[in-house]
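J.: My file is work_35.cif. It has mmCIF, C-alpha atoms:
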data_target
loop_
_atom_site.label_atom_id
_atom_site.label_comp_id
_atom_site.auth_asym_id
_atom_site.auth_seq_id
_atom_site.Cartn_x
_atom_site.Cartn_y
_atom_site.Cartn_z
CA MET A 1 -98.23 -1.89 -150.44
CA LYS A 2 -96.43 -3.24 -153.47
CA HIS A 3 -99.05 -5.82 -154.19
CA LEU A 4 -102.64 -5.83 -153.20
CA LEU A 5 -103.26 -9.41 -152.31
CA LEU A 6 -106.44 -10.41 -150.58
CA PRO A 7 -107.88 -13.85 -149.95
CA LEU A 8 -111.59 -13.42 -149.49
CA LEU A 9 -114.38 -15.44 -148.06
CA LEU A 10 -117.18 -13.79 -149.93
CA LEU A 11 -120.71 -14.52 -150.70
CA LEU A 12 -120.77 -13.03 -154.16
CA VAL A 13 -124.21 -11.84 -155.00
CA SER A 14 -124.34 -11.94 -158.74
CA SER A 15 -127.04 -9.32 -158.99
CA CYS A 16 -124.92 -6.60 -157.44
CA VAL A 17 -122.42 -6.44 -160.24
CA ARG A 18 -122.59 -6.70 -163.97
CA HIS A 19 -122.74 -10.19 -165.32
CA ALA A 20 -119.86 -11.55 -167.31
CA GLY A 21 -122.09 -12.92 -170.01
CA ALA A 22 -122.29 -16.38 -171.40
CA ARG A 23 -119.66 -18.87 -170.39
CA THR A 24 -117.60 -20.62 -172.91
CA ALA A 25 -116.17 -24.08 -172.93
CA ASN A 26 -113.10 -22.86 -174.75
CA PRO A 27 -110.55 -21.17 -172.57
CA PRO A 28 -110.07 -17.45 -173.07
CA GLY A 29 -106.43 -17.28 -173.77
CA ASP A 30 -104.13 -14.32 -174.04
CA PRO A 31 -100.76 -16.06 -174.20
CA SER A 32 -98.98 -12.93 -173.06
CA ILE A 33 -100.58 -13.23 -169.65
CA GLN A 34 -98.74 -15.36 -167.14
CA PHE A 35 -100.35 -16.22 -163.85
CA PRO A 36 -98.42 -15.07 -160.81
CA ASP A 37 -96.72 -17.65 -158.70
CA THR A 38 -99.40 -18.14 -156.08
CA PRO A 39 -99.51 -19.14 -153.35
CA GLY A 40 -95.91 -18.06 -153.31
CA GLN A 41 -96.54 -15.08 -151.09
CA ASP A 42 -98.46 -14.39 -147.94
CA ALA A 43 -101.96 -13.04 -148.27
CA ILE A 44 -104.06 -10.81 -146.05
CA SER A 45 -107.24 -12.44 -144.87
CA LEU A 46 -110.42 -10.37 -144.74
CA ALA A 47 -112.07 -12.65 -142.27
CA ALA A 48 -111.56 -10.62 -139.10
CA GLU A 49 -114.79 -9.93 -137.25
CA GLY A 50 -115.56 -6.30 -136.46
CA GLN A 51 -112.97 -4.97 -138.90
CA PRO A 52 -114.35 -2.94 -141.79
CA TYR A 53 -112.79 -3.34 -145.22
CA VAL A 54 -113.09 -1.31 -148.39
CA LEU A 55 -113.23 -3.07 -151.72
CA ASP A 56 -113.37 -1.09 -154.93
CA GLY A 57 -115.96 -1.93 -157.52
CA ALA A 58 -113.48 -3.09 -160.13
CA MET A 59 -112.07 -5.68 -157.77
CA LEU A 60 -115.51 -6.83 -156.71
CA GLY A 61 -116.45 -7.08 -160.37
CA ALA A 62 -113.38 -9.19 -161.16
CA LEU A 63 -114.15 -11.51 -158.26
CA SER A 64 -117.76 -11.84 -159.28
CA ILE A 65 -116.95 -12.52 -162.91
CA ALA A 66 -114.48 -15.23 -162.00
CA ALA A 67 -116.82 -16.78 -159.43
CA ASN A 68 -119.75 -16.76 -161.85
CA ASP A 69 -117.65 -18.36 -164.55
CA LEU A 70 -116.53 -21.21 -162.31
CA LEU A 71 -119.94 -21.68 -160.74
CA PRO A 72 -122.60 -20.34 -163.09
CA LEU A 73 -126.19 -19.95 -161.99
CA GLU A 74 -127.38 -23.09 -163.74
CA SER A 75 -124.94 -25.30 -161.86
CA ARG A 76 -125.55 -23.99 -158.35
CA GLU A 77 -127.45 -25.64 -155.55
CA ARG A 78 -126.83 -29.14 -156.83
CA SER A 79 -124.53 -29.68 -153.89
CA CYS A 80 -122.66 -27.68 -151.31
CA TRP A 81 -119.63 -27.65 -153.63
CA ASN A 82 -121.68 -25.88 -156.27
CA ARG A 83 -122.18 -22.85 -154.04
CA GLN A 84 -119.92 -19.85 -154.29
CA GLU A 85 -119.73 -19.44 -150.53
CA SER A 86 -117.97 -22.81 -150.29
CA TYR A 87 -114.79 -21.38 -151.81
CA LEU A 88 -111.83 -19.20 -150.94
CA TYR A 89 -111.07 -16.31 -153.27
CA ARG A 90 -107.60 -14.85 -153.58
CA VAL A 91 -107.11 -11.73 -155.65
CA LEU A 92 -103.96 -9.94 -156.74
CA ARG A 93 -103.98 -6.79 -158.83
CA GLN A 94 -101.05 -6.22 -161.15
CA GLY A 95 -101.44 -3.16 -163.35
CA ASP A 96 -104.72 -3.44 -165.22
CA VAL A 97 -105.21 -7.11 -164.51
CA PHE A 98 -106.83 -8.82 -161.56
CA PHE A 99 -105.57 -12.34 -160.92
CA VAL A 100 -108.20 -14.33 -159.09
CA SER A 101 -107.64 -17.85 -157.85
CA ILE A 102 -110.48 -19.90 -156.46
CA SER A 103 -110.07 -22.94 -154.25
CA ALA A 104 -112.38 -25.01 -152.09
CA ASN A 105 -112.80 -24.08 -148.45
CA PRO A 106 -112.39 -27.47 -146.78
CA THR A 107 -114.51 -26.47 -143.80
CA ALA A 108 -117.44 -25.19 -145.86
CA CYS A 109 -119.36 -28.36 -146.58
CA GLY A 110 -119.48 -30.15 -143.25
CA ALA A 111 -119.68 -33.90 -143.64
CA GLU A 112 -119.66 -33.88 -147.43
CA PRO A 113 -116.52 -35.34 -148.96
CA ARG A 114 -113.81 -32.80 -149.56
CA MET A 115 -112.53 -31.86 -152.97
CA LEU A 116 -109.31 -32.80 -154.70
CA ASP A 117 -108.63 -30.28 -157.49
CA GLY A 118 -111.64 -28.40 -158.91
CA GLY A 119 -110.24 -24.88 -158.46
CA ALA A 120 -109.37 -22.35 -161.13
CA ALA A 121 -107.29 -19.24 -161.81
CA TYR A 122 -108.48 -16.22 -163.76
CA ALA A 123 -106.95 -13.11 -165.22
CA VAL A 124 -109.65 -10.44 -165.51
CA GLY A 125 -109.16 -7.06 -167.17
CA MET A 126 -110.39 -3.76 -165.77
CA ASP A 127 -113.20 -3.89 -168.34
CA GLY A 128 -114.46 -7.15 -166.88
CA ARG A 129 -113.25 -9.41 -169.67
CA ILE A 130 -111.71 -12.73 -168.77
CA LEU A 131 -108.30 -12.56 -170.37
CA ARG A 132 -107.13 -15.99 -169.31
CA ARG A 133 -108.52 -18.90 -167.40
CA ARG A 134 -106.86 -22.05 -166.16
CA PHE A 135 -108.63 -24.85 -164.36
CA ASP A 136 -106.78 -27.01 -161.87
CA GLY A 137 -104.60 -29.46 -163.68
CA GLU A 138 -104.49 -27.72 -167.05
CA PRO A 139 -101.14 -26.92 -168.66
CA GLU A 140 -99.42 -23.74 -167.57
CA THR A 141 -98.98 -22.43 -171.08
CA LEU A 142 -101.37 -22.11 -173.98
CA VAL A 143 -99.01 -22.90 -176.78
CA PRO A 144 -98.80 -26.59 -177.67
CA GLY A 145 -95.28 -27.73 -177.08
CA GLY A 146 -94.51 -24.45 -175.37
CA SER A 147 -93.62 -26.08 -172.13
CA THR A 148 -92.59 -29.33 -170.65
CA PRO A 149 -95.58 -30.83 -168.90
CA ASP A 150 -95.25 -31.32 -165.19
CA ALA A 151 -95.38 -35.02 -165.87
CA GLY A 152 -92.03 -34.72 -167.60
CA THR A 153 -90.92 -36.87 -170.47
CA GLU A 154 -89.36 -40.25 -170.66
CA SER A 155 -85.98 -38.77 -171.48
CA ASP A 156 -85.77 -36.58 -168.40
CA ALA A 157 -87.13 -39.13 -165.99
CA GLY A 158 -83.70 -40.14 -164.84
CA THR A 159 -82.25 -43.57 -164.74
CA SER A 160 -80.86 -43.84 -161.28
CA ALA A 161 -82.92 -45.00 -158.36
CA ASP A 162 -82.77 -43.17 -155.07
CA ALA A 163 -81.21 -45.84 -152.99
CA GLY A 164 -82.56 -46.02 -149.51
CA ILE A 165 -85.97 -44.44 -150.10
CA PRO A 166 -88.80 -46.80 -150.95
CA VAL A 167 -91.12 -45.27 -153.54
CA GLY A 168 -93.54 -42.91 -151.83
CA ASP A 169 -91.94 -43.33 -148.39
CA THR A 170 -92.92 -40.56 -145.98
CA THR A 171 -90.63 -41.29 -143.05
CA TRP A 172 -87.33 -39.75 -144.09
CA GLY A 173 -88.05 -36.01 -144.15
CA LYS A 174 -87.34 -33.59 -141.37
CA PRO A 175 -90.57 -32.79 -139.51
CA LEU A 176 -91.90 -29.25 -139.31
CA GLN A 177 -90.84 -27.50 -136.13
CA PRO A 178 -93.26 -26.49 -134.84
CA VAL A 179 -96.37 -27.67 -136.61
CA PRO A 180 -99.09 -24.99 -136.90
CA SER A 181 -100.92 -24.75 -133.60
CA TRP A 182 -104.31 -25.24 -135.20
CA TRP A 183 -103.24 -28.69 -136.36
CA THR A 184 -103.02 -29.84 -132.77
CA ASP A 185 -105.89 -27.86 -131.26
CA GLY A 186 -108.53 -30.12 -132.72
CA GLY A 187 -110.17 -28.43 -135.64
CA THR A 188 -113.63 -28.51 -137.07
CA ASP A 189 -112.59 -31.11 -139.61
CA ALA A 190 -112.73 -34.03 -137.24
CA GLY A 191 -115.83 -36.13 -136.97
CA ALA A 192 -117.11 -39.59 -136.34
CA ALA A 193 -117.21 -42.16 -139.09
CA PRO A 194 -120.57 -42.25 -140.84
CA ARG A 195 -122.61 -45.33 -140.07
CA MET B 1 -105.34 -41.44 -186.81
CA SER B 2 -108.47 -39.88 -188.25
CA VAL B 3 -110.51 -42.74 -186.83
CA LYS B 4 -109.03 -42.06 -183.42
CA VAL B 5 -109.81 -38.36 -183.65
CA GLN B 6 -113.35 -39.12 -184.74
CA GLY B 7 -113.76 -41.51 -181.83
CA LEU B 8 -112.61 -38.93 -179.36
CA GLY B 9 -114.91 -36.37 -180.91
CA MET B 10 -117.83 -38.72 -180.55
CA ALA B 11 -116.94 -39.39 -176.93
CA LEU B 12 -116.85 -35.67 -176.27
CA ALA B 13 -120.14 -35.06 -178.05
CA CYS B 14 -121.84 -37.87 -176.15
CA SER B 15 -120.57 -36.69 -172.82
CA LEU B 16 -121.65 -33.11 -173.49
CA LEU B 17 -125.08 -34.21 -174.64
CA ALA B 18 -125.45 -36.33 -171.55
CA GLY B 19 -124.59 -33.30 -169.43
CA GLY B 20 -122.99 -35.53 -166.87
CA CYS B 21 -120.26 -34.69 -164.46
CA SER B 22 -118.09 -37.74 -164.67
CA SER B 23 -116.88 -40.38 -167.05
CA PRO B 24 -119.36 -42.56 -168.94
CA GLN B 25 -121.37 -44.64 -166.51
CA VAL B 26 -119.99 -48.07 -167.24
CA ALA B 27 -120.30 -50.92 -164.80
CA ASP B 28 -116.84 -51.27 -163.36
CA PRO B 29 -116.62 -53.16 -160.06
CA ASP B 30 -113.63 -51.03 -159.04
CA ILE B 31 -115.58 -47.77 -159.21
CA VAL B 32 -118.37 -46.65 -156.90
CA ARG B 33 -120.67 -43.69 -157.53
CA PRO B 34 -123.77 -42.25 -155.91
CA ALA B 35 -127.07 -43.13 -157.51
CA PRO B 36 -128.51 -40.41 -159.75
CA GLY B 37 -129.88 -37.63 -157.59
CA ALA B 38 -128.43 -39.14 -154.41
CA PRO B 39 -125.96 -37.29 -152.17
CA PHE B 40 -122.24 -37.83 -152.62
CA LEU B 41 -120.81 -40.99 -151.09
CA ASP B 42 -119.52 -40.25 -147.59
CA LYS B 43 -117.47 -43.43 -147.33
CA LEU B 44 -115.65 -45.64 -149.78
CA PRO B 45 -115.94 -49.42 -149.67
CA GLY B 46 -112.83 -51.51 -149.33
CA PRO B 47 -110.92 -53.38 -150.40
CA MET B 48 -110.20 -53.09 -154.10
CA LEU B 49 -106.53 -54.12 -154.02
CA GLY B 50 -104.49 -55.96 -151.44
CA PRO B 51 -103.42 -56.94 -148.96
CA PHE B 52 -99.85 -55.76 -149.46
CA SER B 53 -96.99 -56.12 -147.06
CA SER B 54 -95.42 -52.72 -147.81
CA PRO B 55 -96.80 -49.24 -148.45
CA SER B 56 -94.74 -48.91 -151.64
CA SER B 57 -96.17 -52.03 -153.23
CA ALA B 58 -99.71 -50.91 -152.41
CA LEU B 59 -99.00 -47.43 -153.77
CA LEU B 60 -97.61 -48.68 -157.06
CA ALA B 61 -100.43 -51.19 -157.51
CA ALA B 62 -102.92 -48.37 -156.98
CA CYS B 63 -101.08 -46.20 -159.49
CA ARG B 64 -101.21 -48.90 -162.15
CA LYS B 65 -104.87 -49.59 -161.43
CA ILE B 66 -106.07 -45.98 -161.48
CA LEU B 67 -104.23 -45.18 -164.69
CA THR B 68 -105.96 -48.03 -166.51
CA LYS B 69 -109.36 -46.44 -165.89
CA PRO B 70 -111.09 -44.67 -168.79
CA ASN B 71 -109.76 -41.21 -169.61
CA SER B 72 -107.46 -41.08 -166.61
CA SER B 73 -104.70 -39.55 -168.73
CA ALA B 74 -104.80 -36.71 -171.26
CA GLY B 75 -101.25 -37.27 -172.43
CA ALA B 76 -98.86 -34.64 -173.69
CA ARG B 77 -99.90 -31.05 -174.40
CA ASP B 78 -98.42 -31.08 -177.87
CA HIS B 79 -100.47 -34.05 -179.02
CA GLN B 80 -103.05 -33.04 -181.62
CA ASP B 81 -105.87 -34.62 -179.60
CA PHE B 82 -104.89 -33.04 -176.32
CA ASP B 83 -107.78 -30.59 -176.05
CA VAL B 84 -110.36 -33.33 -176.57
CA ARG B 85 -108.50 -35.70 -174.29
CA TRP B 86 -108.41 -33.08 -171.60
CA ARG B 87 -112.11 -32.36 -171.98
CA VAL B 88 -113.14 -35.98 -171.54
CA SER B 89 -110.53 -36.82 -168.92
CA SER B 90 -111.56 -37.93 -165.45
CA GLU B 91 -110.08 -37.96 -162.00
CA TYR B 92 -110.44 -41.01 -159.79
CA CYS B 93 -109.69 -41.05 -156.09
CA ALA B 94 -109.25 -43.62 -153.32
CA TRP B 95 -107.50 -44.30 -150.00
CA MET B 96 -104.61 -46.57 -149.22
CA TYR B 97 -104.98 -47.65 -145.60
CA TYR B 98 -103.38 -49.83 -142.95
CA THR B 99 -105.38 -52.54 -141.29
CA PRO B 100 -105.31 -54.02 -137.78
CA ASP B 101 -103.72 -57.17 -139.19
CA GLN B 102 -100.76 -55.10 -140.39
CA GLN B 103 -101.50 -55.07 -144.07
CA TYR B 104 -101.81 -52.28 -146.62
CA VAL B 105 -105.00 -52.14 -148.64
CA VAL B 106 -106.40 -49.90 -151.39
CA SER B 107 -110.09 -48.97 -151.29
CA LYS B 108 -112.38 -48.89 -154.26
CA LEU B 109 -112.28 -45.85 -156.51
CA THR B 110 -114.78 -43.10 -157.04
CA ASP B 111 -114.98 -40.40 -159.69
CA GLN B 112 -117.73 -38.39 -158.03
CA SER B 113 -117.07 -34.73 -158.66
CA ARG B 114 -118.48 -31.25 -158.45
CA VAL B 115 -120.99 -30.64 -161.20
CA ASP B 116 -119.67 -28.62 -164.11
CA PRO B 117 -122.15 -28.65 -166.99
CA LEU B 118 -119.38 -28.05 -169.50
CA GLN B 119 -116.96 -30.53 -167.97
CA ARG B 120 -114.21 -27.96 -168.01
CA SER B 121 -113.19 -28.51 -164.43
CA LYS B 122 -111.68 -31.72 -163.09
CA SER B 123 -112.11 -32.77 -159.48
CA CYS B 124 -112.67 -35.78 -157.29
CA LEU B 125 -114.63 -35.77 -154.05
CA LEU B 126 -112.87 -38.26 -151.80
CA PRO B 127 -114.88 -39.41 -148.77
CA SER B 128 -113.03 -39.13 -145.48
CA TRP B 129 -113.85 -42.67 -144.48
CA VAL B 130 -113.32 -46.18 -145.78
CA ASP B 131 -115.87 -48.85 -145.00
CA ASP B 132 -114.06 -52.17 -144.89
CA PRO B 133 -116.53 -54.54 -143.24
CA ARG B 134 -113.70 -56.71 -141.91
CA TYR B 135 -112.59 -53.99 -139.48
CA PRO B 136 -114.16 -51.47 -137.12
CA PRO B 137 -114.15 -48.00 -138.73
CA ASP B 138 -111.86 -46.53 -136.09
CA ALA B 139 -109.28 -49.30 -136.53
CA ILE B 140 -108.37 -48.22 -140.07
CA ARG B 141 -105.30 -46.02 -140.44
CA TYR B 142 -105.22 -43.65 -143.40
CA ILE B 143 -101.87 -43.48 -145.21
CA TYR B 144 -102.24 -42.11 -148.76
CA ALA B 145 -105.05 -40.09 -150.33
CA LEU B 146 -104.78 -41.20 -153.95
CA HIS B 147 -105.93 -39.62 -157.19
CA ASN B 148 -104.75 -39.00 -160.74
CA HIS B 149 -103.92 -35.81 -162.59
CA PRO B 150 -104.81 -36.33 -166.26
CA TYR B 151 -102.12 -33.95 -167.45
CA GLY B 152 -99.63 -34.78 -164.72
CA SER B 153 -99.70 -31.28 -163.28
CA SER B 154 -98.48 -30.40 -159.82
CA LEU B 155 -100.61 -30.67 -156.71
CA THR B 156 -103.16 -27.90 -156.37
CA GLU B 157 -104.22 -25.66 -153.50
CA ASN B 158 -107.26 -27.87 -153.08
CA ASP B 159 -105.08 -30.98 -152.82
CA ILE B 160 -102.92 -29.36 -150.17
CA ARG B 161 -105.84 -28.07 -148.11
CA PHE B 162 -107.62 -31.39 -148.54
CA ILE B 163 -104.93 -33.52 -146.94
CA VAL B 164 -104.44 -31.16 -144.02
CA SER B 165 -108.15 -31.38 -143.29
CA GLU B 166 -107.93 -35.16 -143.45
CA GLY B 167 -104.98 -35.00 -141.09
CA LEU B 168 -107.11 -33.08 -138.61
CA ALA B 169 -109.77 -35.78 -138.90
CA HIS B 170 -107.56 -38.89 -138.86
CA GLY B 171 -104.18 -37.80 -137.52
CA PHE B 172 -101.09 -36.80 -139.45
CA GLU B 173 -99.20 -40.02 -138.83
CA SER B 174 -99.95 -43.63 -138.04
CA GLU B 175 -98.02 -46.27 -136.16
CA THR B 176 -97.41 -49.27 -138.40
CA LYS B 177 -95.13 -52.30 -138.51
CA ASP B 178 -92.92 -50.18 -140.80
CA GLY B 179 -92.65 -47.30 -138.37
CA ARG B 180 -94.62 -44.09 -138.06
CA LEU B 181 -95.99 -43.39 -141.53
CA ARG B 182 -96.99 -39.84 -142.31
CA LEU B 183 -100.22 -39.01 -144.06
CA SER B 184 -99.78 -37.71 -147.62
CA VAL B 185 -101.71 -36.92 -150.77
CA VAL B 186 -100.58 -38.36 -154.07
CA ALA B 187 -101.46 -37.52 -157.70
CA PHE B 188 -100.49 -40.16 -160.24
CA PHE B 189 -99.76 -39.47 -163.88
CA SER B 190 -98.97 -41.23 -167.11
CA ARG B 191 -97.08 -39.70 -170.00
CA ASN B 192 -99.02 -41.66 -172.59
CA ALA B 193 -102.77 -41.36 -172.98
CA SER B 194 -103.18 -44.22 -175.44
CA GLU B 195 -101.24 -46.78 -173.44
CA PRO B 196 -101.20 -45.40 -169.90
CA SER B 197 -98.67 -46.64 -167.40
CA CYS B 198 -97.60 -45.54 -163.95
CA ASP B 199 -94.94 -43.01 -164.85
CA GLY B 200 -94.85 -40.95 -161.70
CA PHE B 201 -96.67 -39.00 -159.05
CA HIS B 202 -96.66 -35.79 -157.09
CA GLN B 203 -96.79 -36.03 -153.31
CA TYR B 204 -97.32 -33.65 -150.38
CA ILE B 205 -96.56 -34.68 -146.81
CA PRO B 206 -98.08 -32.17 -144.34
CA LEU B 207 -95.91 -33.15 -141.36
CA THR B 208 -92.70 -32.37 -143.24
CA GLY B 209 -94.06 -29.72 -145.60
CA GLN B 210 -92.39 -31.55 -148.50
CA LEU B 211 -93.63 -31.34 -152.07
CA LEU B 212 -92.11 -34.27 -153.93
CA LYS B 213 -92.15 -35.50 -157.49
CA TRP B 214 -91.47 -39.14 -158.20
CA THR B 215 -90.78 -40.23 -161.76
CA ARG B 216 -90.12 -43.62 -163.27
CA GLY B 217 -87.58 -44.34 -165.95
CA GLY B 218 -87.77 -47.96 -166.90
CA ALA B 219 -87.58 -49.94 -163.67
CA ASN B 220 -85.98 -47.13 -161.71
CA TRP B 221 -87.65 -44.42 -159.68
CA GLN B 222 -86.29 -40.99 -159.00
CA CYS B 223 -87.42 -38.61 -156.28
CA GLU B 224 -87.04 -34.85 -156.38
CA GLN B 225 -88.19 -32.31 -153.82
CA THR B 226 -89.87 -29.51 -155.76
CA GLY B 227 -90.82 -27.26 -152.90
CA SER B 228 -92.08 -26.90 -149.38
CA VAL B 229 -95.33 -25.67 -147.89
CA ARG B 230 -95.48 -23.28 -144.98
CA TRP B 231 -98.81 -22.73 -143.23
CA SER B 232 -99.77 -19.64 -141.29
CA ASP B 233 -100.05 -20.31 -137.60
CA ALA B 234 -103.48 -18.71 -137.50
CA ASP B 235 -106.34 -20.95 -138.50
CA THR B 236 -106.99 -19.00 -141.69
CA ARG B 237 -106.14 -21.92 -143.99
CA THR B 238 -103.53 -19.85 -145.77
CA PHE B 239 -100.16 -21.14 -146.81
CA THR B 240 -97.24 -20.28 -149.01
CA VAL B 241 -95.20 -22.53 -151.25
CA GLN B 242 -91.47 -22.08 -151.49
CA LYS B 243 -90.31 -23.62 -154.73
CA LYS B 244 -86.92 -25.31 -154.73
CA ASN B 245 -85.63 -28.29 -156.59
CA SER B 246 -83.34 -30.65 -154.77
CA PRO B 247 -82.73 -34.37 -154.68
CA CYS B 248 -84.49 -36.36 -152.01
CA GLU B 249 -82.15 -37.24 -149.20
CA GLY B 250 -82.10 -40.86 -148.20
CA SER B 251 -81.25 -40.51 -144.55
CA LYS B 252 -84.05 -41.11 -142.12
CA THR B 253 -84.64 -38.93 -139.13
CA PRO B 254 -84.39 -40.69 -135.79
#
Once more with this new file: its structure as structure tokens, please.

T.:
Amino acid sequence: MKHLLLPLLLLLVSSCVRHAGARTANPPGDPSIQFPDTPGQDAISLAAEGQPYVLDGAMLGALSIAANDLLPLESRERSCWNRQESYLYRVLRQGDVFFVSISANPTACGAEPRMLDGGAAYAVGMDGRILRRRFDGEPETLVPGGSTPDAGTESDAGTSADAGIPVGDTTWGKPLQPVPSWWTDGGTDAGAAPR
Amino acid sequence: MSVKVQGLGMALACSLLAGGCSSPQVADPDIVRPAPGAPFLDKLPGPMLGPFSSPSSALLAACRKILTKPNSSAGARDHQDFDVRWRVSSEYCAWMYYTPDQQYVVSKLTDQSRVDPLQRSKSCLLPSWVDDPRYPPDAIRYIYALHNHPYGSSLTENDIRFIVSEGLAHGFESETKDGRLRLSVVAFFSRNASEPSCDGFHQYIPLTGQLLKWTRGGANWQCEQTGSVRWSDADTRTFTVQKKNSPCEGSKTP
């Protein structure tokens, strides 16, 4: 396999691997490291029941270090969203770097409100050091002025209106054919309005 | 400028000392939050804005309102205060919904978020339900899940998964006087942190898979499709994003 790409639903027990050490507010930043374009490629899910999987220690360590950085011990248990098991973990190894992206599992917290943003991406070296970290919403690059923000600038905003499409209109696009079957099966996300 | 920098530094220091998880707790009638130690809000009160006769007018009013809230924008990356602005920035979220009397309404805002002691991570926990006492809960139709991105970045995996889960709960489209409106998630942004204005938004529409970016130049708006989302057919919550930039086509499907 060219890339080893695994999304994981893991309960990461921090005691089973070495701890990453103290967290820092400042982002570790090796500007030479670019995050891969995820989720630009399909991933293999390790959720199948009855199927054994093998995970090497370095990968488990990288996952644990990233998970413990996003959700350190002192912040856990305040709510369901502060528990590591409430997240999805995607890992991609490229050379000596593990790229770990962490996002909320929308089915994990039952009736609690679901999360917009709040995920993070990590690049972790084979020695367990966090080489780069980017929280949801942060700029892609580390160098000030090194990129055009996604918000764009006034000068590239364009001056012509798109005639015929009201701002934000959702009715003009071609619908997916077919929609994923689990969208119509009635998922676990539905529920009655709280009283 | 030095005064401004000092002010931002003080704001950061205060927020870190407080150890809170959201913006300073000021009394703003537009914003609702759980009481200290209480669970997250599981419904948002409405209305805050409206009624509006069109979804666009409600959307743009919401954009202008959210971006006036404290620290809703971190501005440009190359600004000398960006790091501090990012640290103290906040996300606010709300619903735009359609009522039984055929109006579009925006709920109140919340900035409740996952606890991060260092305030490095930005998030907004948007309740699935709006409580507008004028209408039965099941009569409300959910149109846009609204929030802001302080840096104006693209929609995240969490945003994309979020709106699909809401679609499973509420339906992916709603019959309105303006046709069948599809559910979408929207992230507003401003280019200017000191004088924020509604300069654009990112949008994802699950039923079409479209990732769109709307930007404003003066009085004109421009729409660009930046990609499309393809979900796996198995219920593993995995998807891929195909990036492509193309103009939005104006022709409606039948």

J.: Of the candidates B:Cys63, B:Ala193, B:Cys198, B:Leu168, which one gets nearest to chain A if we count all atoms listed in the file?

T.: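 Of the candidates, the smallest distance to chain A is held by B:Leu168.
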
J.: Using CA of Ala38 in chain B and CA of Asp159 in chain B as the two end points, give the distance in Å to one decimal.

T.: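 Separation between CA of Ala38 in chain B and CA of Asp159 in chain B: 24.8 Å.
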
J.: Name the residues that the PyMOL selection byres ((chain B) within 6 of (chain A)) pulls out of this structure, and write them as a VMD selection string.

T.: chain B and resid 42 56 77 to 78 121 to 127 152 to 153 158 to 159 165 168 to 169 181 to 182 207 to 208 215 217 220 to 222 233 235 240 to 241 250 252 to 253

J.: Which value, in Å to one decimal, gives the distance between CA of Gly200 in chain B and CA of Gly75 in chain B?

T.: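 Spanning CA of Gly200 in chain B to CA of Gly75 in chain B is a straight-line distance of 13.0 Å.
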
J.: Determine the nearest neighbour of Leu211 in chain B from the options B:Glu224, B:Asp101, B:Glu173, B:Asp28, counting only C-alpha atoms.

T.: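 Nearest candidate to Leu211 in chain B out of B:Glu224, B:Asp101, B:Glu173, B:Asp28: B:Glu224.
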
J.: Here's the selection I'm unsure about, the PyMOL selection byres ((chain B and resi 48) around 6); applied to the file above, which residues does it give, as a PyMOL selection string?

T.: chain B and resi 46-47+49+106-108

J.: Can you measure CA of Leu118 in chain B to CA of Gly29 in chain A for me? One decimal in Å is fine.

T.: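 Distance between the two atoms: 17.4 Å.
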
J.: Go through the shown structure with the PyMOL selection byres ((chain A and resi 62) around 10) and write out the matching residues as a list in words.

T.: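 On this input, the PyMOL selection byres ((chain A and resi 62) around 10) captures Val17, Arg18, Ala20, Gly57, Ala58, Met59, Leu60, Gly61, Leu63, Ser64, Ile65, Ala66, Ala67, Asn68, Val91, Arg93, Val97, Phe98, Phe99, Val100, Tyr122, Ala123, Val124, Gly125, Met126, Asp127, Gly128, Arg129 and Ile130 of chain A.
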
J.: Around all of range 104-110 of chain A's listed atoms, make the axis-aligned box with 6 Å on each side and tell me centre and edge lengths in Å to one decimal, as JSON.

T.:
{"center_x": -115.9, "center_y": -27.1, "center_z": -147.7, "size_x": 19.1, "size_y": 18.1, "size_z": 20.8}

J.: Pick out the residues sitting within 12 Å of range 51-53 of chain B, and hand them over as JSON, numbers by chain; count only C-alpha atoms, and ignore anything fewer than 4 positions along from it in its own chain.

T.: {"B": [46, 47, 57, 58, 59, 60, 61, 62, 96, 97, 98, 99, 100, 101, 102, 103, 104, 105, 106, 107, 176, 177, 178]}

J.: Let me make sure I understand: among A:Leu131, A:Leu55, A:Ala121, A:Leu73, which one has the smallest atom-to-atom distance to Asp30 in chain A if we use only C-alpha atoms?

T.: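 Among the listed residues, the smallest separation from Asp30 in chain A belongs to A:Leu131.
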
J.: Would you kindly return, as an MDAnalysis selection string, each protein, DNA or RNA residue with an atom no farther than 12 Å from any atom of Glu91 in chain B, considering only C-alpha atoms and excluding same-chain residues fewer than 4 positions away?

T.: (chainID A and resid 115:118 136:137) or (chainID B and resid 21:23 31 66:74 86:87 109:114 119 121:126 146:152 187:189)

J.: Kindly indicate which residue among B:Tyr144, B:Phe239, B:Phe172, B:Trp214 lies nearest to Ile160 in chain B, using only C-alpha atoms for the distances.

T.: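 Between B:Tyr144, B:Phe239, B:Phe172, B:Trp214, the residue approaching Ile160 in chain B most closely is B:Phe239.
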